[in-house]
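S.K.: Following this line is my_file13.txt, made up of compact mmCIF, C-alpha atoms:
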# COMPACT_ATOMS: atom_id res chain seq x y z
CA MET Q 245 -18.10 -9.66 -16.56
CA ASN Q 246 -20.13 -10.15 -19.70
CA GLY Q 247 -20.76 -13.28 -21.73
CA GLY Q 248 -18.94 -14.07 -24.93
CA ASP Q 249 -15.81 -15.79 -26.13
CA ASP Q 250 -13.43 -12.88 -25.59
CA PRO Q 251 -10.15 -14.21 -24.11
CA ALA Q 252 -10.07 -11.36 -21.58
CA ASP Q 253 -13.56 -12.29 -20.36
CA GLU Q 254 -12.54 -15.95 -20.11
CA LEU Q 255 -9.41 -15.04 -18.12
CA LEU Q 256 -11.33 -12.84 -15.68
CA ALA Q 257 -14.04 -15.47 -15.28
CA ARG Q 258 -11.55 -18.22 -14.43
CA VAL Q 259 -9.62 -15.99 -12.03
CA PHE Q 260 -12.94 -15.09 -10.40
CA LEU Q 261 -13.95 -18.76 -10.12
CA SER Q 262 -10.57 -19.71 -8.62
CA ARG Q 263 -11.55 -17.48 -5.69
CA VAL Q 264 -15.10 -18.89 -5.43
CA ILE Q 265 -14.94 -22.63 -6.24
CA GLU Q 266 -12.66 -24.94 -4.25
CA PRO Q 267 -9.95 -26.94 -6.08
CA GLY Q 268 -11.16 -30.28 -7.41
CA ASP Q 269 -14.85 -29.40 -7.11
CA GLU Q 270 -16.33 -31.68 -9.76
CA VAL Q 271 -19.77 -30.04 -9.58
CA GLY Q 272 -18.23 -26.65 -10.35
CA GLY Q 273 -16.11 -28.27 -13.03
CA ARG Q 274 -19.21 -29.70 -14.66
CA TRP Q 275 -20.87 -26.27 -14.64
CA VAL Q 276 -17.86 -24.79 -16.43
CA ARG Q 277 -17.80 -27.63 -18.96
CA GLU Q 278 -21.51 -27.36 -19.74
CA LEU Q 279 -22.09 -23.59 -19.51
CA GLY Q 280 -18.64 -22.06 -19.91
CA ALA Q 281 -16.59 -20.17 -17.31
CA VAL Q 282 -18.00 -16.76 -18.28
CA GLU Q 283 -21.63 -17.81 -17.80
CA VAL Q 284 -20.95 -19.61 -14.51
CA ALA Q 285 -19.15 -16.55 -13.19
CA ARG Q 286 -22.03 -14.31 -14.28
CA VAL Q 287 -24.66 -16.44 -12.54
CA LEU Q 288 -22.65 -16.62 -9.33
CA ARG Q 289 -21.98 -12.90 -9.24
CA GLU Q 290 -25.22 -11.44 -10.56
CA GLY Q 291 -27.67 -14.09 -9.39
CA GLY Q 292 -30.07 -16.24 -11.34
CA PRO Q 293 -31.51 -19.74 -11.17
CA GLN Q 294 -29.54 -21.93 -8.75
CA LEU Q 295 -27.27 -24.28 -10.67
CA ALA Q 296 -27.83 -28.02 -10.29
CA GLY Q 297 -25.93 -30.31 -7.95
CA VAL Q 298 -25.63 -28.24 -4.75
CA THR Q 299 -27.75 -27.67 -1.66
CA ASP Q 300 -29.33 -24.29 -0.90
CA LYS Q 301 -26.79 -23.81 1.89
CA ARG Q 302 -23.83 -24.47 -0.35
CA TRP Q 303 -25.22 -22.26 -3.09
CA ALA Q 304 -25.58 -19.41 -0.57
CA GLY Q 305 -21.95 -19.94 0.44
CA LEU Q 306 -20.77 -19.78 -3.17
CA ARG Q 307 -22.81 -16.63 -3.77
CA ALA Q 308 -21.30 -15.01 -0.67
CA ARG Q 309 -17.79 -15.83 -1.89
CA ALA Q 310 -18.67 -14.46 -5.30
CA GLN Q 311 -19.66 -11.09 -3.84
CA ALA Q 312 -16.23 -10.76 -2.24
CA ALA Q 313 -14.19 -11.89 -5.26
CA GLU Q 314 -12.17 -9.24 -7.12
CA PRO Q 315 -10.47 -10.88 -10.11
CA ARG Q 316 -8.80 -7.72 -11.40
CA ARG Q 317 -7.31 -7.10 -7.98
CA ASP Q 318 -6.07 -10.71 -7.81
CA LEU Q 319 -4.41 -10.33 -11.21
CA GLY Q 320 -2.78 -7.08 -10.10
CA VAL Q 321 -1.43 -8.61 -6.89
CA ALA Q 322 -0.18 -11.60 -8.85
CA ARG Q 323 1.54 -9.42 -11.43
CA GLU Q 324 3.40 -7.52 -8.70
CA ALA Q 325 4.58 -10.83 -7.26
CA GLY Q 326 5.78 -12.08 -10.67
CA VAL Q 327 2.91 -14.57 -10.93
CA ARG Q 328 0.84 -15.35 -14.05
CA PHE Q 329 -2.45 -17.21 -14.48
CA VAL Q 330 -2.49 -20.08 -16.99
CA SER Q 331 -5.86 -21.35 -18.22
CA PRO Q 332 -6.91 -24.48 -20.12
CA GLY Q 333 -6.38 -23.78 -23.80
CA ASP Q 334 -3.45 -21.41 -23.24
CA ALA Q 335 -0.19 -22.26 -25.00
CA GLU Q 336 1.42 -22.96 -21.61
CA TRP Q 337 -1.37 -25.23 -20.32
CA PRO Q 338 -0.22 -28.85 -19.73
CA GLY Q 339 -2.74 -30.94 -21.65
CA GLN Q 340 -2.29 -33.96 -19.37
CA LEU Q 341 -4.22 -32.09 -16.65
CA ASP Q 342 -7.31 -32.52 -18.84
CA ASP Q 343 -7.26 -36.20 -17.81
CA LEU Q 344 -8.76 -35.05 -14.51
CA GLY Q 345 -12.09 -34.41 -16.23
CA ASP Q 346 -14.42 -32.19 -14.23
CA ALA Q 347 -11.84 -32.14 -11.40
CA ARG Q 348 -9.39 -30.34 -13.72
CA PRO Q 349 -8.07 -27.08 -12.28
CA LEU Q 350 -9.93 -23.96 -13.41
CA GLY Q 351 -6.46 -22.55 -14.02
CA LEU Q 352 -3.05 -22.45 -12.41
CA TRP Q 353 -1.18 -19.58 -10.81
CA VAL Q 354 2.43 -19.91 -11.96
CA ARG Q 355 5.50 -18.28 -10.42
CA GLY Q 356 8.76 -18.67 -12.34
CA ARG Q 357 10.03 -18.12 -15.86
CA PRO Q 358 10.04 -21.49 -17.67
CA SER Q 359 7.12 -22.90 -19.63
CA LEU Q 360 5.00 -25.18 -17.44
CA ARG Q 361 3.77 -27.12 -20.47
CA ILE Q 362 7.29 -27.85 -21.72
CA TRP Q 363 8.60 -28.84 -18.30
CA ALA Q 364 5.64 -31.08 -17.52
CA LEU Q 365 6.23 -33.16 -20.65
CA ARG Q 366 9.27 -34.75 -19.03
CA SER Q 367 8.54 -34.75 -15.33
CA VAL Q 368 8.39 -37.20 -12.41
CA ALA Q 369 6.79 -36.68 -9.00
CA VAL Q 370 8.85 -37.59 -5.92
CA VAL Q 371 6.73 -37.56 -2.75
CA GLY Q 372 6.73 -39.12 0.69
CA ALA Q 373 6.55 -38.69 4.43
CA ARG Q 374 6.89 -35.30 6.07
CA ALA Q 375 8.49 -36.84 9.17
CA CYS Q 376 10.88 -38.92 7.10
CA THR Q 377 13.93 -40.75 8.41
CA GLU Q 378 17.52 -39.98 7.43
CA TYR Q 379 17.27 -42.89 5.01
CA GLY Q 380 14.14 -41.40 3.40
CA ALA Q 381 15.74 -37.97 3.04
CA HIS Q 382 18.90 -39.51 1.57
CA MET Q 383 16.94 -41.57 -0.95
CA ALA Q 384 14.80 -38.57 -1.98
CA VAL Q 385 17.86 -36.35 -2.51
CA THR Q 386 19.75 -39.03 -4.43
CA LEU Q 387 16.77 -40.00 -6.57
CA ALA Q 388 15.89 -36.39 -7.44
CA ALA Q 389 19.50 -35.50 -8.23
CA GLY Q 390 19.80 -38.52 -10.51
CA LEU Q 391 16.60 -37.61 -12.34
CA ALA Q 392 17.72 -34.01 -12.74
CA GLU Q 393 21.08 -35.11 -14.12
CA ARG Q 394 19.21 -37.13 -16.75
CA GLY Q 395 17.17 -34.12 -17.88
CA TRP Q 396 13.97 -34.89 -15.94
CA VAL Q 397 11.96 -32.30 -14.05
CA VAL Q 398 11.31 -33.22 -10.40
CA VAL Q 399 7.83 -32.30 -9.12
CA SER Q 400 6.83 -32.32 -5.46
CA GLY Q 401 4.69 -30.48 -2.93
CA GLY Q 402 7.16 -28.19 -1.17
CA ALA Q 403 6.45 -29.78 2.23
CA TYR Q 404 8.87 -30.82 4.96
CA GLY Q 405 10.54 -34.21 4.75
CA VAL Q 406 10.72 -36.07 1.46
CA ASP Q 407 9.23 -33.20 -0.61
CA GLY Q 408 11.86 -30.71 0.53
CA ALA Q 409 14.65 -33.27 0.10
CA ALA Q 410 13.52 -33.96 -3.47
CA HIS Q 411 13.47 -30.27 -4.38
CA ARG Q 412 16.92 -29.75 -2.84
CA GLY Q 413 18.32 -32.78 -4.63
CA ALA Q 414 17.19 -31.46 -8.02
CA LEU Q 415 18.44 -27.94 -7.32
CA GLY Q 416 21.75 -29.23 -5.99
CA ALA Q 417 22.30 -31.12 -9.25
CA GLY Q 418 21.69 -27.93 -11.25
CA GLY Q 419 18.40 -29.35 -12.44
CA ALA Q 420 14.75 -28.40 -12.79
CA THR Q 421 12.07 -28.69 -10.13
CA VAL Q 422 8.43 -27.67 -9.67
CA ALA Q 423 6.66 -27.13 -6.34
CA VAL Q 424 2.87 -27.57 -6.36
CA LEU Q 425 1.40 -25.67 -3.40
CA ALA Q 426 -1.94 -25.95 -1.60
CA CYS Q 427 -2.08 -22.18 -1.07
CA GLY Q 428 -1.41 -18.95 -2.95
CA VAL Q 429 1.97 -19.17 -4.68
CA ASP Q 430 2.89 -15.73 -3.33
CA ARG Q 431 2.70 -17.08 0.25
CA PRO Q 432 5.24 -19.90 0.69
CA TYR Q 433 4.03 -22.68 2.96
CA PRO Q 434 5.28 -24.13 5.20
CA ARG Q 435 6.90 -20.93 6.49
CA GLY Q 436 10.06 -22.83 7.31
CA HIS Q 437 10.49 -23.50 3.58
CA THR Q 438 10.20 -19.85 2.53
CA GLU Q 439 13.84 -19.76 1.43
CA LEU Q 440 13.56 -23.07 -0.45
CA ILE Q 441 10.33 -22.13 -2.23
CA THR Q 442 11.77 -18.73 -3.15
CA ARG Q 443 14.79 -20.49 -4.64
CA ILE Q 444 12.52 -22.85 -6.58
CA ALA Q 445 10.62 -19.84 -7.97
CA GLU Q 446 13.92 -18.28 -9.08
CA GLN Q 447 15.34 -21.42 -10.71
CA GLY Q 448 12.20 -23.39 -11.51
CA LEU Q 449 8.43 -23.11 -11.04
CA VAL Q 450 6.03 -22.75 -8.12
CA ILE Q 451 2.41 -23.43 -9.07
CA GLY Q 452 -0.99 -23.75 -7.41
CA GLU Q 453 -4.72 -23.47 -7.97
CA LEU Q 454 -5.47 -20.93 -5.25
CA PRO Q 455 -5.34 -17.16 -5.84
CA PRO Q 456 -2.80 -14.82 -4.21
CA GLY Q 457 -2.85 -14.74 -0.43
CA ASP Q 458 -5.08 -17.80 -0.01
CA HIS Q 459 -4.21 -20.17 2.82
CA PRO Q 460 -3.89 -23.97 2.92
CA THR Q 461 -6.39 -26.30 4.61
CA PRO Q 462 -6.23 -30.09 5.14
CA SER Q 463 -8.62 -30.72 2.24
CA ARG Q 464 -6.61 -28.47 -0.06
CA PHE Q 465 -3.47 -30.51 0.62
CA VAL Q 466 -5.29 -33.69 -0.35
CA LEU Q 467 -6.77 -32.16 -3.51
CA ARG Q 468 -3.41 -30.64 -4.50
CA ASN Q 469 -2.05 -34.16 -4.84
CA ARG Q 470 -4.24 -34.93 -7.87
CA VAL Q 471 -2.46 -32.11 -9.75
CA ILE Q 472 0.96 -33.58 -8.91
CA ALA Q 473 -0.21 -36.98 -10.14
CA ALA Q 474 -1.79 -35.72 -13.37
CA LEU Q 475 1.04 -33.33 -14.26
CA THR Q 476 3.77 -35.97 -14.29
CA ARG Q 477 4.55 -39.18 -16.15
CA GLY Q 478 4.85 -41.10 -12.91
CA THR Q 479 4.95 -40.82 -9.11
CA VAL Q 480 7.68 -42.22 -6.87
CA VAL Q 481 6.84 -42.65 -3.17
CA VAL Q 482 9.78 -42.53 -0.76
CA GLU Q 483 8.61 -43.55 2.74
CA ALA Q 484 4.93 -43.36 3.61
CA ALA Q 485 2.87 -44.65 6.50
CA TYR Q 486 -0.46 -46.36 5.85
CA ARG Q 487 -2.43 -43.08 5.93
CA SER Q 488 0.17 -40.82 4.30
CA GLY Q 489 -1.01 -38.10 1.91
CA SER Q 490 1.64 -39.26 -0.55
CA LEU Q 491 -0.35 -42.47 -1.01
CA VAL Q 492 -3.24 -40.28 -2.20
CA THR Q 493 -0.91 -38.98 -4.92
CA ALA Q 494 0.18 -42.49 -5.85
CA ARG Q 495 -3.39 -43.79 -6.07
CA ALA Q 496 -4.43 -40.79 -8.14
CA ALA Q 497 -1.53 -41.57 -10.48
CA GLN Q 498 -2.75 -45.16 -10.78
CA ARG Q 499 -6.31 -44.05 -11.60
CA LEU Q 500 -4.95 -41.72 -14.28
CA GLY Q 501 -2.87 -44.47 -15.89
CA ARG Q 502 0.45 -42.97 -14.79
CA PHE Q 503 3.37 -45.03 -13.55
CA THR Q 504 3.41 -45.60 -9.79
CA MET Q 505 6.69 -46.50 -8.11
CA GLY Q 506 7.91 -47.09 -4.58
CA VAL Q 507 11.30 -47.09 -2.88
CA PRO Q 508 11.50 -50.01 -0.41
CA GLY Q 509 12.52 -49.47 3.19
CA PRO Q 510 13.12 -51.53 6.32
CA ALA Q 511 10.33 -54.03 6.95
CA THR Q 512 10.33 -52.94 10.60
CA SER Q 513 9.69 -49.25 9.79
CA GLY Q 514 6.16 -47.88 10.03
CA LEU Q 515 7.19 -45.24 7.49
CA SER Q 516 7.76 -47.96 4.92
CA ALA Q 517 4.45 -49.74 5.51
CA GLY Q 518 2.47 -47.61 3.03
CA VAL Q 519 5.12 -47.97 0.32
CA HIS Q 520 5.25 -51.73 0.78
CA GLU Q 521 1.47 -51.90 0.52
CA LEU Q 522 1.73 -50.08 -2.83
CA LEU Q 523 4.43 -52.49 -3.97
CA ARG Q 524 2.26 -55.49 -3.11
CA ALA Q 525 -0.37 -54.04 -5.45
CA ASP Q 526 0.42 -52.43 -8.81
CA ALA Q 527 3.39 -50.18 -8.01
CA VAL Q 528 6.88 -50.93 -9.35
CA LEU Q 529 9.87 -51.19 -7.05
CA VAL Q 530 12.64 -48.69 -7.84
CA THR Q 531 15.92 -48.04 -6.08
CA ASP Q 532 17.53 -45.26 -8.12
CA ALA Q 533 16.97 -42.79 -10.94
CA ALA Q 534 18.02 -45.34 -13.57
CA ASP Q 535 15.10 -47.59 -12.55
CA VAL Q 536 12.67 -44.66 -12.79
CA VAL Q 537 13.93 -43.48 -16.18
CA GLU Q 538 13.76 -46.98 -17.60
CA LEU Q 539 10.07 -47.12 -16.63
CA VAL Q 540 8.82 -43.63 -17.51
CA GLY Q 541 11.23 -42.73 -20.31
CA ASP Q 542 10.86 -43.32 -24.03
CA MET Q 543 11.38 -46.78 -25.49
CA GLY Q 544 14.98 -47.81 -25.01
CA GLU Q 545 15.78 -44.92 -22.69
CA LEU Q 546 17.87 -46.80 -20.19
CA ALA Q 547 19.28 -44.12 -17.92
CA PRO Q 548 20.89 -41.95 -20.64
CA ASP Q 549 24.09 -40.23 -19.65
CA ARG Q 550 23.29 -36.52 -19.85
CA ARG Q 551 23.04 -33.73 -17.35
CA GLY Q 552 19.79 -31.84 -16.85
CA PRO Q 553 20.25 -28.07 -16.67
CA VAL Q 554 17.99 -25.66 -14.86
CA LEU Q 555 16.18 -25.26 -18.19
CA PRO Q 556 16.49 -28.70 -19.85
CA ARG Q 557 17.41 -27.98 -23.47
CA ASP Q 558 16.70 -31.59 -24.42
CA LEU Q 559 13.04 -30.52 -24.54
CA LEU Q 560 13.69 -27.98 -27.31
CA GLU Q 561 13.10 -28.66 -30.99
CA PRO Q 562 16.30 -29.18 -33.03
CA GLY Q 563 16.02 -25.77 -34.73
CA ALA Q 564 15.75 -23.97 -31.40
CA ARG Q 565 18.67 -25.98 -30.00
CA ARG Q 566 20.86 -24.92 -32.93
CA VAL Q 567 20.03 -21.26 -32.38
CA LEU Q 568 20.68 -21.61 -28.64
CA ALA Q 569 24.04 -23.27 -29.31
CA ALA Q 570 25.01 -20.46 -31.73
CA LEU Q 571 24.75 -17.74 -29.07
CA PRO Q 572 28.11 -16.62 -27.65
CA ALA Q 573 28.56 -17.67 -24.04
CA ARG Q 574 29.51 -14.32 -22.52
CA ARG Q 575 28.32 -11.50 -24.76
CA ALA Q 576 25.35 -10.31 -26.74
CA ALA Q 577 25.13 -10.99 -30.48
CA ALA Q 578 23.02 -9.67 -33.34
CA ALA Q 579 20.46 -11.92 -35.01
CA ASP Q 580 22.43 -12.11 -38.28
CA GLU Q 581 25.54 -13.36 -36.47
CA ILE Q 582 23.50 -15.98 -34.61
CA ALA Q 583 21.82 -17.03 -37.87
CA ARG Q 584 25.23 -17.68 -39.48
CA GLY Q 585 26.29 -19.81 -36.53
CA ALA Q 586 23.03 -21.76 -36.60
CA GLN Q 587 23.18 -22.12 -40.40
CA THR Q 588 19.66 -20.84 -40.90
CA THR Q 589 17.89 -17.67 -42.07
CA GLU Q 590 17.73 -14.50 -40.03
CA ASP Q 591 13.92 -14.61 -39.98
CA ASP Q 592 13.94 -18.15 -38.64
CA THR Q 593 16.58 -17.19 -36.08
CA ILE Q 594 14.53 -14.24 -34.80
CA ALA Q 595 11.44 -16.45 -34.44
CA ARG Q 596 13.48 -19.01 -32.51
CA LEU Q 597 14.99 -16.30 -30.29
CA TYR Q 598 11.55 -15.08 -29.26
CA GLU Q 599 10.57 -18.68 -28.50
CA LEU Q 600 13.72 -19.12 -26.41
CA ARG Q 601 13.03 -15.84 -24.61
CA ALA Q 602 9.54 -17.05 -23.65
CA LEU Q 603 11.14 -20.17 -22.15
CA GLY Q 604 13.72 -18.16 -20.20
CA TYR Q 605 16.84 -19.06 -22.19
CA VAL Q 606 17.70 -15.69 -23.76
CA GLU Q 607 17.07 -11.98 -23.21
CA ARG Q 608 17.23 -8.87 -25.35
CA HIS Q 609 20.19 -6.52 -24.92
CA GLY Q 610 19.58 -3.49 -27.14
CA ASP Q 611 19.76 -4.77 -30.71
CA GLY Q 612 21.36 -8.02 -29.63
CA TRP Q 613 20.53 -11.24 -27.79
CA LYS Q 614 22.29 -12.80 -24.83
CA LEU Q 615 22.03 -16.02 -22.85
CA THR Q 616 20.39 -15.78 -19.44
CA ARG Q 617 22.36 -16.97 -16.42
CA GLN Q 618 20.32 -20.18 -16.24
CA ALA Q 619 20.84 -20.89 -19.93
CA MET Q 620 24.61 -20.53 -19.57
CA ILE Q 621 24.49 -23.58 -17.30
CA SER Q 622 22.65 -25.42 -20.07
CA VAL Q 623 25.08 -24.69 -22.88
CA ARG Q 624 28.45 -24.46 -21.19
CA ASP Q 625 29.20 -28.20 -21.34
CA GLY Q 626 30.74 -29.49 -24.52
CA ARG Q 627 31.64 -26.11 -26.06
CA HIS Q 628 34.29 -23.42 -25.61
CA ASP Q 629 33.58 -19.83 -24.69
CA ARG Q 630 33.79 -17.51 -27.65
Would you put the structure from the file into structure tokens?
M.R.:
Amino acid sequence: MNGGDDPADELLARVFLSRVIEPGDEVGGRWVRELGAVEVARVLREGGPQLAGVTDKRWAGLRARAQAAEPRRDLGVAREAGVRFVSPGDAEWPGQLDDLGDARPLGLWVRGRPSLRIWALRSVAVVGARACTEYGAHMAVTLAAGLAERGWVVVSGGAYGVDGAAHRGALGAGGATVAVLACGVDRPYPRGHTELITRIAEQGLVIGELPPGDHPTPSRFVLRNRVIAALTRGTVVVEAAYRSGSLVTARAAQRLGRFTMGVPGPATSGLSAGVHELLRADAVLVTDAADVVELVGDMGELAPDRRGPVLPRDLLEPGARRVLAALPARRAAAADEIARGAQTTEDDTIARLYELRALGYVERHGDGWKLTRQAMISVRDGRHDR
């Protein structure tokens, strides 16, 4: 790994550092900000003056990790698992993660076809107790389904309880959801959610800071929550005891200036105590998706009546939406035919088609273009098959 501004060097350096530096390590983040990822990786791998801010013991531990790191191997394993690495500055990087400062992820491992940046622009976190009650599970499912139907992306942590209910609610409504894991995205955790997380990867996105094969630890779960908070416009807590990890997410959201919301529960329930404590402070009480949308949505967006597809087309620019709408529902079409339907030039149409392909809406079929299965869900309402 040599110094320089070459994008390939930067990619390898950040992949290398994701194996060496723990998520949320602000000292490591400061090194990267001040020296650059390539130089920090070089010093850790090849040796040199000890960088400031760590003890001799910790520096020795980082150096030992560095000797074992193999970034090219990690990229190869990820590629075989259908996983990509997204770095700050990439077109797909969600800029709101930069609000984390030196605790910003070094990069994110992303599993799934849609654009993380596009999806994150219109997303809400729904989190809560792992050992939730039937009421908590019901509220999480209903809330997530309502958000998905309104074109919002539901983000959660893939855990048992409220997290799983939120993901299932969004998927059941034909909507979009993102799972943020505290381990390698190629190793679903918890194991009992392997099927759910696999389904999320097929229909949505599974993301995380840790490289392929890495395992979760208690501290990694806590640090994962800052990513959920920063990625989304707001966090809704559905059931949480006083020391629940979901309160960590909510408080991180508050520090970042995001909306923090809570769903009230029975006053006699210990699983509602943490939520009620939030509500006594700065959180806003919400009871359904309409309340959430009114708070986090654009001015005047009072629970708009529209369904959110697996790939929410409401996030597309008008020109791209016209090209998408011009594609036949059940067959491939040439670019010139699509251009006529979209009432634009063939060159513009081709550019839009490549953009739509990158977002998972269309695919090439020989000389023609065809809607993907997920995109057919998005465009089938309000038009007739041709």
S.K.: CA of Phe329 in chain Q to CA of Leu256 in chain Q: how many Å, to one decimal?
M.R.: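 CA of Leu256 in chain Q lies at a distance of 10.0 Å from CA of Phe329 in chain Q.
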S.K.: Write out as a PyMOL selection string which residues come within 7 Å of Cys376 in chain Q when counting all atoms listed in the file, dropping same-chain ones fewer than 4 positions away.
M.R.: chain Q and resi 380-381+405-406+483
S.K.: Can those selected residues be exported to a file as a PDB file, in the frame of the given file so that it contains C-alpha atoms?
M.R.:
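Output file out17.pdb is given in full below:
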ATOM      1  CA  GLY Q 380      14.140 -41.400   3.400  1.00  0.00           C
ATOM      2  CA  ALA Q 381      15.740 -37.970   3.040  1.00  0.00           C
ATOM      3  CA  GLY Q 405      10.540 -34.210   4.750  1.00  0.00           C
ATOM      4  CA  VAL Q 406      10.720 -36.070   1.460  1.00  0.00           C
ATOM      5  CA  GLU Q 483       8.610 -43.550   2.740  1.00  0.00           C
TER       6      GLU Q 483
END
S.K.: From the set Q:Ala347, Q:Leu615, Q:Gly372, Q:Pro460, which residue has the shortest atom-to-atom contact distance to Ser488 in chain Q, counting only C-alpha atoms?
M.R.: Q:Gly372
S.K.: Rank Q:Arg394, Q:His459, Q:Arg468, Q:Arg443 by their smallest atom-to-atom distance to Val536 in chain Q, using all atoms listed in the file, and report the top residue only.
M.R.: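 Among the listed residues, Q:Arg394 lies closest to Val536 in chain Q.
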S.K.: If I take CA of Lys614 in chain Q and CA of Val429 in chain Q, how far is one from the other in Å, to one decimal?
M.R.: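 So the answer is 29.3 Å.
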S.K.: Please compute the CA of Arg274 in chain Q-CA of Thr479 in chain Q distance, one decimal, in Å.
M.R.: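 Computing the Euclidean distance for CA of Arg274 in chain Q and CA of Thr479 in chain Q yields 27.2 Å.
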S.K.: For range 297-308 of chain Q, please output as a PyMOL selection string all residues within 7 Å (counting only C-alpha atoms; exclusion window: fewer than 6 positions along the same chain).
M.R.: chain Q and resi 264+271+288-289
S.K.: Could you check which of Q:Ala312, Q:Asp458, Q:Leu475, Q:Leu391 is closest to Gly339 in chain Q, using only C-alpha atoms?
M.R.: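 Selected residue with least distance to Gly339 in chain Q: Q:Leu475.
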S.K.: Reconstruct N, CA, C and O atoms of range 271-283 of chain Q; output as a compact mmCIF listing (two decimals), keeping the file's coordinate frame.
M.R.:
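Heads up, here's the output in rebuild12.txt:
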# COMPACT_ATOMS: atom_id res chain seq x y z
N VAL Q 271 -18.50 -30.68 -9.22
CA VAL Q 271 -19.77 -30.04 -9.58
C VAL Q 271 -19.50 -28.72 -10.28
O VAL Q 271 -20.06 -28.43 -11.36
N GLY Q 272 -18.61 -27.91 -9.71
CA GLY Q 272 -18.23 -26.65 -10.35
C GLY Q 272 -17.57 -26.89 -11.69
O GLY Q 272 -17.80 -26.15 -12.66
N GLY Q 273 -16.75 -27.94 -11.77
CA GLY Q 273 -16.11 -28.27 -13.03
C GLY Q 273 -17.12 -28.64 -14.10
O GLY Q 273 -16.96 -28.30 -15.28
N ARG Q 274 -18.17 -29.35 -13.70
CA ARG Q 274 -19.21 -29.70 -14.66
C ARG Q 274 -19.96 -28.46 -15.14
O ARG Q 274 -20.27 -28.33 -16.33
N TRP Q 275 -20.24 -27.53 -14.23
CA TRP Q 275 -20.87 -26.27 -14.64
C TRP Q 275 -20.05 -25.57 -15.72
O TRP Q 275 -20.57 -25.12 -16.73
N VAL Q 276 -18.74 -25.48 -15.48
CA VAL Q 276 -17.86 -24.79 -16.43
C VAL Q 276 -17.84 -25.53 -17.76
O VAL Q 276 -17.87 -24.91 -18.83
N ARG Q 277 -17.81 -26.85 -17.72
CA ARG Q 277 -17.80 -27.63 -18.96
C ARG Q 277 -19.10 -27.44 -19.75
O ARG Q 277 -19.07 -27.32 -20.98
N GLU Q 278 -20.22 -27.42 -19.05
CA GLU Q 278 -21.51 -27.36 -19.74
C GLU Q 278 -21.92 -25.94 -20.13
O GLU Q 278 -22.51 -25.73 -21.19
N LEU Q 279 -21.62 -24.96 -19.29
CA LEU Q 279 -22.09 -23.59 -19.51
C LEU Q 279 -20.99 -22.63 -19.94
O LEU Q 279 -21.28 -21.58 -20.52
N GLY Q 280 -19.74 -22.96 -19.64
CA GLY Q 280 -18.64 -22.06 -19.91
C GLY Q 280 -18.31 -21.23 -18.67
O GLY Q 280 -19.20 -20.91 -17.87
N ALA Q 281 -17.04 -20.89 -18.51
CA ALA Q 281 -16.59 -20.17 -17.31
C ALA Q 281 -17.26 -18.80 -17.19
O ALA Q 281 -17.62 -18.36 -16.09
N VAL Q 282 -17.44 -18.11 -18.31
CA VAL Q 282 -18.00 -16.76 -18.28
C VAL Q 282 -19.44 -16.79 -17.76
O VAL Q 282 -19.83 -15.98 -16.91
N GLU Q 283 -20.24 -17.73 -18.23
CA GLU Q 283 -21.63 -17.81 -17.80
C GLU Q 283 -21.74 -18.24 -16.34
O GLU Q 283 -22.56 -17.70 -15.57
